[in-house]
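**Student:** Below is the structure I would like to discuss, written out as structure tokens.
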Amino acid sequence: RWYPSSKRCHGCGFVMASLPLNVRTWGCPDCGTQGIDRDVNAACNILQAGTALLAGAES
């Protein structure tokens, strides 16, 4: 329920401490990825989390 899908960098996993809703794109201070779209990033993270969950459920 409280998975930080918008604040977690889909590339390296870094989690921003704060990301106000008015910030639509951001840059990761850890890996340097720039122009991360908040909504696309959240979708990538949810896909990764769901895939990992399903992979663990099948073993």
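Chain labels follow the order of the structure tokens: the first chain is A, the next B, and so on; residue numbering restarts at 1 in every chain, and ligands are counted from 1 in their shown order.
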Need the shell around Cys28 of chain A: protein/DNA/RNA residues with any atom at most 12 Å away, counting only C-alpha atoms. Skip same-chain ones fewer than 2 positions apart. Format as a PyMOL selection string?
**Tutor:** chain A and resi 6-17+19+25-26+30-38+41
**Student:** Where in chain A does DSSP assign alpha helix (DSSP H), given as a list of chain:residue names?
**Tutor:**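 These are the residues in question: A:Arg38, A:Asp39, A:Val40, A:Asn41, A:Ala42, A:Ala43, A:Cys44, A:Asn45, A:Ile46, A:Leu47, A:Gln48, A:Ala49, A:Gly50, A:Thr51, A:Ala52, A:Leu53, A:Leu54, A:Ala55, A:Gly56, A:Ala57.
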**Student:** Create the file for the chosen residues now, containing N, CA and C atoms and written as a JSON list (two decimals), in the first residue's frame.
**Tutor:**
[["chain", "number", "residue", "atom", "x", "y", "z"],
["A", 38, "ARG", "N", 7.43, 11.07, -13.41],
["A", 38, "ARG", "CA", 6.89, 10.50, -12.18],
["A", 38, "ARG", "C", 5.95, 9.33, -12.45],
["A", 39, "ASP", "N", 5.03, 9.46, -13.42],
["A", 39, "ASP", "CA", 4.03, 8.43, -13.67],
["A", 39, "ASP", "C", 4.62, 7.22, -14.39],
["A", 40, "VAL", "N", 5.47, 7.46, -15.38],
["A", 40, "VAL", "CA", 6.12, 6.36, -16.09],
["A", 40, "VAL", "C", 7.03, 5.60, -15.13],
["A", 41, "ASN", "N", 7.74, 6.33, -14.28],
["A", 41, "ASN", "CA", 8.61, 5.72, -13.29],
["A", 41, "ASN", "C", 7.82, 4.82, -12.34],
["A", 42, "ALA", "N", 6.67, 5.31, -11.88],
["A", 42, "ALA", "CA", 5.83, 4.52, -10.99],
["A", 42, "ALA", "C", 5.37, 3.24, -11.68],
["A", 43, "ALA", "N", 4.99, 3.35, -12.95],
["A", 43, "ALA", "CA", 4.54, 2.17, -13.70],
["A", 43, "ALA", "C", 5.66, 1.15, -13.84],
["A", 44, "CYS", "N", 6.87, 1.61, -14.13],
["A", 44, "CYS", "CA", 8.02, 0.69, -14.23],
["A", 44, "CYS", "C", 8.28, -0.01, -12.90],
["A", 45, "ASN", "N", 8.22, 0.75, -11.81],
["A", 45, "ASN", "CA", 8.47, 0.16, -10.50],
["A", 45, "ASN", "C", 7.40, -0.83, -10.09],
["A", 46, "ILE", "N", 6.14, -0.55, -10.41],
["A", 46, "ILE", "CA", 5.06, -1.47, -10.07],
["A", 46, "ILE", "C", 5.19, -2.75, -10.90],
["A", 47, "LEU", "N", 5.56, -2.61, -12.18],
["A", 47, "LEU", "CA", 5.79, -3.79, -13.02],
["A", 47, "LEU", "C", 6.93, -4.64, -12.46],
["A", 48, "GLN", "N", 8.03, -4.01, -12.07],
["A", 48, "GLN", "CA", 9.16, -4.75, -11.50],
["A", 48, "GLN", "C", 8.77, -5.46, -10.21],
["A", 49, "ALA", "N", 8.02, -4.77, -9.35],
["A", 49, "ALA", "CA", 7.61, -5.36, -8.07],
["A", 49, "ALA", "C", 6.66, -6.54, -8.30],
["A", 50, "GLY", "N", 5.72, -6.37, -9.22],
["A", 50, "GLY", "CA", 4.77, -7.44, -9.52],
["A", 50, "GLY", "C", 5.45, -8.66, -10.14],
["A", 51, "THR", "N", 6.39, -8.41, -11.03],
["A", 51, "THR", "CA", 7.13, -9.50, -11.66],
["A", 51, "THR", "C", 7.94, -10.27, -10.62],
["A", 52, "ALA", "N", 8.58, -9.53, -9.71],
["A", 52, "ALA", "CA", 9.36, -10.18, -8.65],
["A", 52, "ALA", "C", 8.45, -10.99, -7.72],
["A", 53, "LEU", "N", 7.29, -10.46, -7.43],
["A", 53, "LEU", "CA", 6.35, -11.17, -6.56],
["A", 53, "LEU", "C", 5.88, -12.46, -7.22],
["A", 54, "LEU", "N", 5.54, -12.39, -8.50],
["A", 54, "LEU", "CA", 5.10, -13.57, -9.22],
["A", 54, "LEU", "C", 6.21, -14.61, -9.36],
["A", 55, "ALA", "N", 7.42, -14.15, -9.58],
["A", 55, "ALA", "CA", 8.55, -15.08, -9.71],
["A", 55, "ALA", "C", 8.77, -15.83, -8.40],
["A", 56, "GLY", "N", 8.60, -15.13, -7.27],
["A", 56, "GLY", "CA", 8.76, -15.77, -5.98],
["A", 56, "GLY", "C", 7.62, -16.70, -5.65],
["A", 57, "ALA", "N", 6.43, -16.40, -6.16],
["A", 57, "ALA", "CA", 5.25, -17.22, -5.87],
["A", 57, "ALA", "C", 5.29, -18.55, -6.60]]
